[in-house]
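Asker: Got entry.cif for you, mmCIF, C-alpha atoms and all ligand atoms:
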data_upload
#
loop_
_atom_site.label_atom_id
_atom_site.label_comp_id
_atom_site.auth_asym_id
_atom_site.auth_seq_id
_atom_site.Cartn_x
_atom_site.Cartn_y
_atom_site.Cartn_z
CA MET X 1 -15.95 -18.87 20.29
CA SER X 2 -15.77 -19.98 16.67
CA VAL X 3 -13.77 -22.64 14.90
CA ARG X 4 -13.78 -22.51 11.10
CA LYS X 5 -12.39 -25.17 8.78
CA LEU X 6 -10.15 -24.01 5.89
CA LYS X 7 -9.33 -27.45 4.52
CA GLU X 8 -9.25 -30.98 5.90
CA GLY X 9 -7.32 -30.86 9.18
CA VAL X 10 -6.72 -27.09 9.01
CA TYR X 11 -8.80 -24.83 11.29
CA GLU X 12 -8.91 -21.17 12.18
CA VAL X 13 -9.02 -21.05 15.99
CA GLY X 14 -8.24 -17.40 16.78
CA ALA X 15 -10.47 -14.53 17.83
CA VAL X 16 -12.25 -11.58 16.27
CA ASP X 17 -11.80 -8.35 18.24
CA TRP X 18 -14.90 -6.42 17.18
CA ASP X 19 -14.45 -3.59 19.69
CA ARG X 20 -10.76 -2.75 19.55
CA GLU X 21 -10.36 0.90 18.60
CA ILE X 22 -6.59 1.48 18.68
CA PHE X 23 -3.44 -0.56 18.14
CA ASP X 24 -0.04 0.18 19.66
CA GLU X 25 -1.80 3.14 21.30
CA LEU X 26 -1.25 4.81 17.93
CA ILE X 27 -3.13 3.25 15.01
CA PRO X 28 -6.88 3.84 14.87
CA LEU X 29 -8.90 0.71 14.08
CA PRO X 30 -12.16 1.90 12.51
CA ASP X 31 -13.16 -1.69 11.67
CA GLY X 32 -11.80 -3.59 14.71
CA THR X 33 -9.39 -6.45 13.96
CA SER X 34 -8.85 -10.17 14.39
CA TYR X 35 -6.03 -12.36 15.67
CA ASN X 36 -6.19 -15.42 13.44
CA ALA X 37 -4.46 -18.56 14.72
CA TYR X 38 -4.48 -21.90 12.93
CA LEU X 39 -4.55 -25.47 14.14
CA ILE X 40 -3.14 -28.08 11.78
CA GLN X 41 -3.78 -31.74 12.51
CA GLY X 42 -1.37 -34.07 10.76
CA SER X 43 -1.54 -37.86 10.82
CA GLU X 44 1.19 -37.89 13.50
CA LYS X 45 1.60 -34.41 14.98
CA VAL X 46 -0.45 -31.34 15.79
CA ALA X 47 0.72 -27.76 15.29
CA LEU X 48 -0.72 -24.43 16.38
CA LEU X 49 0.32 -21.53 14.16
CA ASP X 50 0.50 -18.37 16.27
CA THR X 51 -1.80 -17.56 19.17
CA VAL X 52 -3.90 -14.49 19.95
CA ASP X 53 -3.66 -11.23 21.82
CA PRO X 54 -3.64 -11.99 25.58
CA THR X 55 -7.01 -10.23 25.94
CA LYS X 56 -8.55 -13.03 23.81
CA GLU X 57 -6.67 -15.96 25.35
CA SER X 58 -9.86 -17.56 26.72
CA VAL X 59 -11.39 -17.59 23.21
CA LEU X 60 -8.40 -19.50 21.84
CA MET X 61 -8.55 -21.98 24.72
CA ARG X 62 -12.27 -22.61 24.24
CA ASN X 63 -11.76 -23.08 20.49
CA LEU X 64 -9.09 -25.71 21.13
CA GLU X 65 -11.33 -27.45 23.67
CA SER X 66 -14.19 -27.55 21.17
CA LEU X 67 -11.89 -29.46 18.78
CA ASP X 68 -11.03 -31.88 21.62
CA ILE X 69 -7.36 -31.00 21.34
CA ASP X 70 -5.57 -32.79 24.16
CA HIS X 71 -2.02 -32.26 22.96
CA ILE X 72 -0.07 -29.87 20.78
CA ASP X 73 3.38 -30.82 19.52
CA TYR X 74 4.44 -27.53 17.97
CA VAL X 75 3.53 -23.88 18.44
CA ILE X 76 4.80 -22.06 15.38
CA SER X 77 5.60 -18.43 16.13
CA HIS X 78 5.84 -16.28 13.00
CA HIS X 79 6.24 -12.99 14.80
CA ALA X 80 7.07 -11.99 18.37
CA GLU X 81 4.63 -9.08 18.61
CA GLN X 82 2.25 -9.81 21.43
CA ASP X 83 -0.99 -9.77 19.44
CA HIS X 84 0.18 -13.14 18.05
CA SER X 85 2.64 -14.39 20.63
CA GLY X 86 1.10 -13.08 23.85
CA SER X 87 -0.87 -16.25 24.57
CA ILE X 88 2.06 -18.63 23.96
CA PRO X 89 2.88 -18.82 27.71
CA ALA X 90 -0.72 -19.87 28.47
CA ILE X 91 -0.59 -22.48 25.68
CA LEU X 92 2.68 -23.87 27.08
CA GLU X 93 1.12 -24.09 30.50
CA ARG X 94 -1.90 -25.97 29.12
CA PHE X 95 0.18 -28.15 26.75
CA PRO X 96 3.54 -28.52 28.56
CA ASP X 97 5.06 -30.89 25.99
CA ALA X 98 4.67 -28.40 23.14
CA LYS X 99 7.77 -26.91 21.54
CA VAL X 100 7.86 -23.34 20.26
CA VAL X 101 9.14 -23.47 16.69
CA THR X 102 10.65 -20.31 15.29
CA ASN X 103 13.80 -18.70 13.88
CA ALA X 104 16.73 -17.59 16.04
CA LYS X 105 15.81 -13.92 16.01
CA CYS X 106 12.21 -14.54 16.99
CA LYS X 107 13.34 -16.94 19.71
CA GLY X 108 15.47 -14.20 21.25
CA MET X 109 12.59 -11.75 21.12
CA LEU X 110 10.13 -14.21 22.68
CA ILE X 111 12.60 -14.80 25.51
CA ASP X 112 12.96 -11.03 25.98
CA HIS X 113 9.28 -10.12 25.75
CA LEU X 114 7.53 -13.15 27.26
CA HIS X 115 10.27 -14.84 29.32
CA ILE X 116 9.69 -18.18 27.60
CA PRO X 117 12.43 -20.58 28.82
CA GLU X 118 15.16 -21.31 26.26
CA GLY X 119 14.61 -25.07 26.54
CA LYS X 120 11.11 -24.74 25.11
CA PHE X 121 12.32 -23.80 21.63
CA THR X 122 13.04 -25.64 18.40
CA GLU X 123 14.96 -23.35 16.08
CA VAL X 124 14.37 -23.33 12.32
CA GLU X 125 15.97 -21.61 9.35
CA ASP X 126 14.79 -20.45 5.96
CA GLY X 127 13.61 -23.56 4.09
CA SER X 128 13.58 -25.85 7.15
CA GLU X 129 10.74 -28.34 7.28
CA ILE X 130 8.86 -30.12 10.05
CA SER X 131 6.69 -33.13 9.28
CA LEU X 132 3.30 -33.59 10.89
CA GLY X 133 2.96 -36.99 9.15
CA ASP X 134 0.82 -36.41 6.10
CA LYS X 135 1.43 -32.66 6.20
CA THR X 136 4.66 -30.65 6.02
CA LEU X 137 5.42 -27.25 7.46
CA ARG X 138 8.08 -25.39 5.47
CA PHE X 139 9.37 -22.15 6.94
CA VAL X 140 9.96 -19.14 4.73
CA LEU X 141 11.85 -16.29 6.36
CA THR X 142 10.44 -12.88 5.41
CA PRO X 143 12.22 -10.43 7.70
CA TRP X 144 10.93 -6.90 8.25
CA VAL X 145 7.24 -7.43 7.61
CA HIS X 146 7.31 -5.58 9.90
CA TRP X 147 9.77 -6.68 12.59
CA PRO X 148 13.19 -8.23 11.90
CA GLU X 149 12.11 -11.75 12.91
CA THR X 150 8.97 -12.21 10.80
CA MET X 151 8.47 -15.43 8.84
CA CYS X 152 5.78 -17.42 7.00
CA THR X 153 4.86 -21.11 6.94
CA TYR X 154 4.07 -22.95 3.71
CA LEU X 155 1.88 -26.06 3.79
CA PRO X 156 2.54 -27.60 0.36
CA GLU X 157 0.09 -30.52 0.59
CA MET X 158 -2.77 -28.07 1.10
CA LYS X 159 -1.33 -25.19 -0.97
CA ILE X 160 -1.71 -22.74 1.90
CA ILE X 161 0.75 -20.10 3.00
CA PHE X 162 0.40 -18.64 6.48
CA THR X 163 1.81 -15.12 6.47
CA CYS X 164 0.93 -13.63 9.88
CA ASP X 165 0.96 -9.80 9.56
CA PHE X 166 2.09 -9.87 5.90
CA PHE X 167 -0.97 -9.12 3.66
CA GLY X 168 -3.12 -8.62 6.76
CA SER X 169 -5.94 -6.17 7.35
CA HIS X 170 -7.37 -4.76 10.54
CA LEU X 171 -10.89 -5.85 9.72
CA ALA X 172 -13.28 -7.61 12.08
CA THR X 173 -15.65 -9.69 9.99
CA SER X 174 -17.60 -12.93 10.23
CA ASP X 175 -16.31 -13.83 6.74
CA LEU X 176 -13.62 -16.50 6.97
CA PHE X 177 -12.60 -15.76 3.38
CA VAL X 178 -12.63 -12.40 1.62
CA ARG X 179 -16.17 -11.77 0.39
CA ASP X 180 -16.34 -7.97 0.45
CA LYS X 181 -13.43 -7.19 -1.84
CA ARG X 182 -13.81 -3.41 -1.79
CA LYS X 183 -13.84 -3.24 2.01
CA THR X 184 -10.95 -5.69 2.33
CA TYR X 185 -8.89 -3.85 -0.28
CA LEU X 186 -9.21 -0.57 1.61
CA ALA X 187 -8.51 -2.18 5.01
CA ALA X 188 -5.46 -3.99 3.60
CA LYS X 189 -4.20 -0.79 1.97
CA ARG X 190 -4.58 1.12 5.22
CA TYR X 191 -2.74 -1.69 7.01
CA TYR X 192 0.03 -1.67 4.41
CA ALA X 193 0.39 2.11 4.76
CA GLU X 194 0.54 2.07 8.54
CA ILE X 195 2.68 -1.01 9.07
CA MET X 196 4.39 -2.32 5.95
CA MET X 197 5.18 0.73 3.81
CA PRO X 198 8.51 1.61 5.49
CA PHE X 199 9.76 -1.81 4.28
CA ARG X 200 8.53 -1.45 0.69
CA ARG X 201 11.83 -2.40 -0.91
CA LEU X 202 12.25 -5.55 1.18
CA ILE X 203 8.66 -6.57 0.46
CA LYS X 204 9.45 -6.54 -3.27
CA GLY X 205 11.99 -9.29 -2.61
CA HIS X 206 9.56 -11.27 -0.46
CA LEU X 207 6.92 -11.14 -3.20
CA LYS X 208 9.46 -12.65 -5.62
CA LYS X 209 10.23 -15.38 -3.09
CA LEU X 210 6.53 -16.20 -2.71
CA ASP X 211 6.12 -16.25 -6.52
CA GLU X 212 8.15 -19.48 -6.46
CA LEU X 213 5.57 -21.24 -4.27
CA GLU X 214 2.28 -22.67 -5.44
CA PHE X 215 -0.62 -21.75 -3.16
CA ASP X 216 -4.31 -21.05 -3.49
CA ILE X 217 -4.87 -19.67 0.01
CA ILE X 218 -3.07 -16.88 1.89
CA ALA X 219 -3.98 -17.21 5.56
CA THR X 220 -2.97 -14.04 7.39
CA SER X 221 -3.27 -13.34 11.09
CA HIS X 222 -5.44 -10.23 10.75
CA GLY X 223 -8.63 -9.95 8.73
CA PRO X 224 -10.26 -12.35 6.27
CA ILE X 225 -8.29 -15.08 4.49
CA TYR X 226 -7.53 -14.76 0.78
CA ASP X 227 -8.85 -17.65 -1.32
CA GLU X 228 -7.96 -15.69 -4.47
CA PRO X 229 -4.32 -14.90 -3.64
CA GLU X 230 -3.75 -12.80 -6.77
CA PHE X 231 -6.23 -10.24 -5.38
CA ILE X 232 -3.85 -9.18 -2.60
CA ILE X 233 -0.59 -10.10 -4.36
CA ASP X 234 -1.47 -7.79 -7.27
CA ALA X 235 -2.45 -5.02 -4.85
CA TYR X 236 0.88 -5.37 -3.01
CA LYS X 237 2.83 -5.39 -6.27
CA ASP X 238 1.14 -2.11 -7.15
CA TRP X 239 1.72 -0.54 -3.72
CA VAL X 240 5.41 -1.48 -3.52
CA SER X 241 6.17 -0.52 -7.12
CA ASP X 242 7.93 2.75 -7.88
CA GLU X 243 4.90 3.98 -9.83
CA VAL X 244 2.99 6.88 -8.30
CA LYS X 245 -0.42 8.26 -9.22
CA ASN X 246 -0.86 11.85 -10.30
CA GLU X 247 -2.41 12.88 -7.00
CA VAL X 248 -1.60 15.65 -4.57
CA ILE X 249 -2.38 15.43 -0.88
CA VAL X 250 -2.37 18.52 1.32
CA PRO X 251 -2.23 17.76 5.05
CA TYR X 252 -2.63 21.10 6.80
CA VAL X 253 -3.54 22.95 9.93
CA SER X 254 -4.51 26.60 10.18
CA MET X 255 -4.87 28.64 13.38
CA HIS X 256 -6.37 31.93 12.22
CA GLY X 257 -7.24 31.16 8.60
CA SER X 258 -4.17 32.44 6.70
CA THR X 259 -2.74 29.00 5.92
CA GLU X 260 -6.25 27.81 5.09
CA VAL X 261 -6.62 30.57 2.47
CA MET X 262 -3.40 29.29 0.85
CA VAL X 263 -4.53 25.67 1.02
CA ASN X 264 -7.91 26.47 -0.51
CA HIS X 265 -6.30 28.46 -3.32
CA LEU X 266 -3.87 25.64 -4.07
CA VAL X 267 -6.64 23.05 -4.04
CA ASP X 268 -8.88 25.16 -6.32
CA THR X 269 -6.03 25.87 -8.74
CA LEU X 270 -5.03 22.20 -8.96
CA MET X 271 -8.68 21.23 -9.48
CA GLU X 272 -8.94 23.71 -12.34
CA LYS X 273 -5.88 22.09 -13.87
CA GLY X 274 -7.56 18.69 -13.61
CA ILE X 275 -5.16 17.30 -11.01
CA LYS X 276 -6.56 15.07 -8.31
CA VAL X 277 -6.03 16.75 -4.95
CA THR X 278 -7.25 16.03 -1.40
CA PRO X 279 -6.79 18.35 1.59
CA TYR X 280 -6.58 16.74 5.04
CA ASN X 281 -7.33 19.05 7.94
CA LEU X 282 -5.00 17.68 10.61
CA THR X 283 -7.21 18.86 13.46
CA THR X 284 -9.83 16.26 12.50
CA THR X 285 -8.17 13.83 10.08
CA ASN X 286 -7.83 10.20 11.10
CA LEU X 287 -4.13 9.39 10.85
CA GLY X 288 -4.90 6.09 9.12
CA GLU X 289 -6.67 7.96 6.32
CA LEU X 290 -3.68 10.24 5.93
CA ALA X 291 -1.24 7.31 5.90
CA MET X 292 -3.32 5.49 3.31
CA SER X 293 -3.39 8.56 1.08
CA THR X 294 0.42 8.56 0.94
CA VAL X 295 0.65 5.06 -0.63
CA ASP X 296 0.14 6.27 -4.21
CA ALA X 297 0.33 10.09 -4.17
CA SER X 298 3.00 11.68 -6.35
CA THR X 299 3.08 14.89 -4.30
CA ILE X 300 2.61 15.97 -0.69
CA VAL X 301 2.20 19.64 0.18
CA LEU X 302 2.20 20.30 3.90
CA GLY X 303 0.42 23.41 5.17
CA THR X 304 1.30 24.88 8.55
CA PRO X 305 1.36 28.16 10.42
CA THR X 306 4.31 29.07 12.63
CA VAL X 307 3.91 28.49 16.37
CA LEU X 308 6.65 29.48 18.81
CA THR X 309 9.19 29.72 15.94
CA GLY X 310 8.40 26.23 14.56
CA PRO X 311 5.66 24.36 12.73
CA HIS X 312 2.31 23.81 14.39
CA PRO X 313 2.75 20.60 16.48
CA LYS X 314 0.04 18.79 14.50
CA ALA X 315 1.87 19.52 11.25
CA PHE X 316 5.18 18.55 12.84
CA TYR X 317 3.62 15.26 13.96
CA ALA X 318 2.23 14.60 10.47
CA ALA X 319 5.67 15.32 8.94
CA TYR X 320 7.31 12.99 11.45
CA LEU X 321 4.84 10.20 10.64
CA VAL X 322 5.17 10.63 6.87
CA ASN X 323 8.95 10.55 7.23
CA ALA X 324 8.73 7.36 9.30
CA LEU X 325 6.35 5.68 6.84
CA ARG X 326 8.63 6.49 3.86
CA PRO X 327 6.06 6.66 1.06
CA LYS X 328 7.27 6.59 -2.54
CA THR X 329 6.12 10.19 -3.05
CA LYS X 330 8.26 11.94 -5.68
CA TYR X 331 7.66 15.61 -4.73
CA VAL X 332 7.05 17.51 -1.53
CA SER X 333 6.43 21.15 -0.79
CA LEU X 334 5.37 23.41 2.00
CA ILE X 335 2.96 26.31 2.36
CA GLY X 336 2.18 28.39 5.41
CA SER X 337 2.05 31.66 7.19
CA TYR X 338 4.02 33.27 10.01
CA GLY X 339 3.55 36.31 12.23
CA TRP X 340 7.05 37.60 12.91
CA GLY X 341 9.69 34.95 12.12
CA GLY X 342 10.93 31.49 12.98
CA ARG X 343 12.49 28.36 11.53
CA MET X 344 9.37 26.52 10.40
CA PRO X 345 10.50 25.65 6.82
CA GLU X 346 13.94 24.39 7.94
CA MET X 347 12.41 22.28 10.71
CA ILE X 348 9.92 20.61 8.34
CA LYS X 349 12.63 19.97 5.73
CA ASP X 350 14.84 18.39 8.39
CA THR X 351 11.95 16.19 9.50
CA LEU X 352 11.30 14.82 6.00
CA LYS X 353 14.89 13.61 5.45
CA ASN X 354 13.94 9.94 4.87
CA LEU X 355 11.88 10.77 1.82
CA ASP X 356 13.49 10.25 -1.54
CA ALA X 357 11.53 13.22 -2.89
CA LYS X 358 12.35 16.52 -4.57
CA MET X 359 11.37 19.69 -2.68
CA ILE X 360 9.41 22.10 -4.85
CA ASP X 361 9.96 25.73 -3.75
CA PRO X 362 7.72 26.37 -0.73
CA VAL X 363 5.42 29.37 -0.37
CA ILE X 364 5.77 30.96 3.06
CA VAL X 365 4.02 34.28 3.67
CA LYS X 366 3.77 36.84 6.44
CA GLY X 367 0.26 37.11 7.83
CA LEU X 368 -2.77 36.89 5.58
CA PRO X 369 -1.68 36.07 2.01
CA SER X 370 -1.79 38.98 -0.44
CA GLN X 371 -2.78 38.76 -4.09
CA GLU X 372 0.93 38.43 -4.88
CA ASP X 373 1.24 35.56 -2.44
CA LEU X 374 -1.69 33.83 -4.08
CA LYS X 375 0.10 34.19 -7.43
CA GLU X 376 2.97 32.30 -5.82
CA ILE X 377 0.51 29.55 -4.89
CA GLU X 378 -0.49 29.41 -8.57
CA ARG X 379 3.21 29.13 -9.42
CA LEU X 380 3.44 26.18 -7.02
CA ALA X 381 0.42 24.54 -8.68
CA GLU X 382 2.10 25.04 -12.06
CA ASP X 383 5.36 23.50 -10.76
CA ILE X 384 3.41 20.53 -9.42
CA MET X 385 1.65 20.08 -12.74
CA GLU X 386 4.94 20.21 -14.65
CA ALA X 387 6.53 17.75 -12.23
FE1 LIG X 401 -0.11 -8.27 14.20
FE2 LIG X 401 2.99 -7.05 14.17
O1 LIG X 401 1.55 -7.78 14.91
#
Represent the structure contained in this file as structure tokens.
Answerer:
Amino acid sequence: MSVRKLKEGVYEVGAVDWDREIFDELIPLPDGTSYNAYLIQGSEKVALLDTVDPTKESVLMRNLESLDIDHIDYVISHHAEQDHSGSIPAILERFPDAKVVTNAKCKGMLIDHLHIPEGKFTEVEDGSEISLGDKTLRFVLTPWVHWPETMCTYLPEMKIIFTCDFFGSHLATSDLFVRDKRKTYLAAKRYYAEIMMPFRRLIKGHLKKLDELEFDIIATSHGPIYDEPEFIIDAYKDWVSDEVKNEVIVPYVSMHGSTEVMVNHLVDTLMEKGIKVTPYNLTTTNLGELAMSTVDASTIVLGTPTVLTGPHPKAFYAAYLVNALRPKTKYVSLIGSYGWGGRMPEMIKDTLKNLDAKMIDPVIVKGLPSQEDLKEIERLAEDIMEA
């Protein structure tokens, strides 16, 4: 249990999940996470902004009890995903007069996912306001960060914007505000890569919208709160920009060493040319690390042997994920080995269709690469350098 005060009448009442290791049964959480929820006490009304994952419902309840909260007028739901909405039914049971305040899309999703009765809702639109007396909640719709219903709440009197997932980080910490900037930057970048990057173009628009508001605190629903908003705003502006860094990443898998010989030769050649390059062995690489590496990299070269006429499943999975995450990578290529035939290159190319990237001629060899094949790898390195 822990209640922390942000400003007068504004409290963080959520829960830190120190031990959670995976999210959505997909995303590794090396640093745990938190489900931040906020209680705002106005002179006339009380609002709870989001709740917590159902596994931490008792923590939220104890936090509210410790503040002697005996009624809640509004539960603001920024996002229907259950790590923030999953305890709304319990809150409505404990505070039966509370109304769930959200936009039409989120309302529909909360009805679908949590079976909250329709009569419990107050619907709001972009720019709608609700008065708590001496404090105002203004709703700012920011769809697709990262579901279609996502929104933020602006509290102008306190210059706070509550952004839920937007700008978040999966980082369990006792710091209410960001104090370890390096650690938070990396956690937020990983979070952006895994969750927000597919919506990069829409986020650009949302950042412009937020530029029009004056705030000195960004209170997200995962990780520490930003009391220097420009720290994360500038990072996001960089990540969503069209600028890439001159870096090559080489996710690869090798069964009997042939593809690995090619990968090593490519890495060595690029290093000699002074180009930043990082290989990721897909048999051991954490997928979050790989996702994060795609945020800035100009070039991705996938390395895979051929298995049963197609790519190795680990390489296929990596290609599928990269395609789904839609990084701003400008160039892609493919290296790998085969024993007797197959459709590996075509299958990988088909899988990367979402990427707005140019394919540099792949190097596919039969068996262990020969000296001539290695010359082709050097040609690929030269092409990458020219690109
Ligand atoms: Fe933190 Fe999209 O839920």
Asker: Could you tell me how far atom CA of X:Phe166 sits from atom CA of X:Gly127, in Å to one decimal place?
Answerer: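 Here the two named atoms are 18.0 Å from each other.
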Asker: Please provide the set of residues having any atom within 10 Å of X:Asn246, restricted to only C-alpha atoms, with same-chain residues fewer than 4 positions apart removed, written as a list in words.
Answerer: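 Here the answer would be Ile275, Lys276, Val277, Asp296, Ala297, Ser298, Thr299, Ile384, Met385 and Ala387 of chain X.
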Asker: Can you tell me which residues surround stretch 319-336 of chain X at a distance of at most 7 Å, considering all atoms listed in the file, apart from same-chain residues fewer than 5 positions away, and format the answer as number ranges by chain?
Answerer: X: 197-198, 242, 244, 259, 294-295, 297-305, 348, 351-365
Asker: For ligand LIG 401 (chain X), list the contacting residues at 10 Å or closer, counting all atoms listed in the file, as an NGL selection string.
Answerer: :X and (23-24 or 33-36 or 52-53 or 78-85 or 144-147 or 150 or 164-166 or 168-170 or 195-196 or 220-222)
Asker: Just want the 8 Å neighbourhood of X:Ala172, counted on all atoms listed in the file, with same-chain residues fewer than 2 positions away dropped. Output as a ChimeraX atom specification.
Answerer: /X:16-18,31-34,170,174,223
Asker: Go ahead and write the selection's residues with C-alpha atoms as a PDB file, keeping the file's coordinate frame.
Answerer:
ATOM      1  CA  VAL X  16     -12.250 -11.580  16.270  1.00  0.00           C
ATOM      2  CA  ASP X  17     -11.800  -8.350  18.240  1.00  0.00           C
ATOM      3  CA  TRP X  18     -14.900  -6.420  17.180  1.00  0.00           C
ATOM      4  CA  ASP X  31     -13.160  -1.690  11.670  1.00  0.00           C
ATOM      5  CA  GLY X  32     -11.800  -3.590  14.710  1.00  0.00           C
ATOM      6  CA  THR X  33      -9.390  -6.450  13.960  1.00  0.00           C
ATOM      7  CA  SER X  34      -8.850 -10.170  14.390  1.00  0.00           C
ATOM      8  CA  HIS X 170      -7.370  -4.760  10.540  1.00  0.00           C
ATOM      9  CA  SER X 174     -17.600 -12.930  10.230  1.00  0.00           C
ATOM     10  CA  GLY X 223      -8.630  -9.950   8.730  1.00  0.00           C
TER      11      GLY X 223
END
Asker: In Å, how far is it from atom CA of X:Pro148 to atom CA of X:Arg200?
Answerer: 13.9 Å
Asker: Which residue, X:Leu374, X:Phe316, X:Ser2, X:Val75, has the smallest gap to X:Lys349 when you use all atoms listed in the file?
Answerer: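 Going through X:Leu374, X:Phe316, X:Ser2, X:Val75 one by one, the smallest distance to X:Lys349 is for X:Phe316.
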Asker: Would you mind listing what lies within 8 Å of X:Ala37 as an NGL selection string, with only C-alpha atoms counted and same-chain residues fewer than 5 positions away left out?
Answerer: :X and (12-15 or 48-52 or 84 or 221)
Asker: Identify which of the residues X:Ile225, X:Ala315, X:Ala187, X:Met347 lies closest to X:Arg4, counting all atoms listed in the file when measuring atom-to-atom distances.
Answerer: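 Using all atoms listed in the file, X:Arg4 sits closest to X:Ile225.
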Asker: Could you tell me how far atom CA of X:Asp211 sits from atom CA of X:Ile233, in Å to one decimal place?
Answerer: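 Those two atoms sit 9.4 Å apart.
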Asker: For X:Tyr236, list every protein, DNA or RNA residue within 10 Å, evaluated using all atoms listed in the file, and leave out those in the same chain fewer than 6 positions away; present the list as a list in words.
Answerer: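 The residues satisfying every condition are Phe167, Ala188, Lys189, Tyr192, Arg200, Ile203, Lys204, Leu207 and Glu230 of chain X.
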Asker: I'd like a table as JSON lines: residues in stretch 167-269 of chain X with an atom no more than 12 Å from stretch 337-344 of chain X, each row giving the shortest atom pair and its distance in Å to one decimal, all atoms listed in the file counted, sorted by chain and rising residue number.
Answerer:
{"residue": "X:Tyr252", "atom": "CA", "partner": "X:Ser337", "partner_atom": "CA", "distance": 11.6}
{"residue": "X:Val253", "atom": "CA", "partner": "X:Ser337", "partner_atom": "CA", "distance": 10.7}
{"residue": "X:Ser254", "atom": "CA", "partner": "X:Ser337", "partner_atom": "CA", "distance": 8.8}
{"residue": "X:Met255", "atom": "CA", "partner": "X:Ser337", "partner_atom": "CA", "distance": 9.8}
{"residue": "X:His256", "atom": "CA", "partner": "X:Ser337", "partner_atom": "CA", "distance": 9.8}
{"residue": "X:Gly257", "atom": "CA", "partner": "X:Ser337", "partner_atom": "CA", "distance": 9.4}
{"residue": "X:Ser258", "atom": "CA", "partner": "X:Ser337", "partner_atom": "CA", "distance": 6.3}
{"residue": "X:Thr259", "atom": "CA", "partner": "X:Ser337", "partner_atom": "CA", "distance": 5.6}
{"residue": "X:Glu260", "atom": "CA", "partner": "X:Ser337", "partner_atom": "CA", "distance": 9.4}
{"residue": "X:Val261", "atom": "CA", "partner": "X:Ser337", "partner_atom": "CA", "distance": 9.9}
{"residue": "X:Met262", "atom": "CA", "partner": "X:Ser337", "partner_atom": "CA", "distance": 8.7}
{"residue": "X:Val263", "atom": "CA", "partner": "X:Ser337", "partner_atom": "CA", "distance": 10.8}
Asker: When you count all atoms listed in the file, which of these residues is closest to X:Ala219: X:Val248, X:Ile69, X:Ala235, X:Ile160?
Answerer: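 Looking only at the distances to X:Ala219, the closest residue turns out to be X:Ile160.
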Asker: Closest to X:Glu125 among X:Pro28, X:Pro251, X:Gly367, X:Pro143, using all atoms listed in the file?
Answerer: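 Between X:Pro28, X:Pro251, X:Gly367, X:Pro143, the residue approaching X:Glu125 most closely is X:Pro143.
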Asker: With distances taken over all atoms listed in the file, which residue among X:Ile40, X:Ala47, X:Ile27, X:Ile88 lies nearest X:Lys7?
Answerer: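 The answer is X:Ile40, which sits nearest to X:Lys7.
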Asker: Return the single residue from X:Ile130, X:Leu282, X:Ile161, X:Val240 that is closest to X:Tyr226, with distances computed using only C-alpha atoms.
Answerer: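 Among the listed residues, X:Ile161 lies closest to X:Tyr226.
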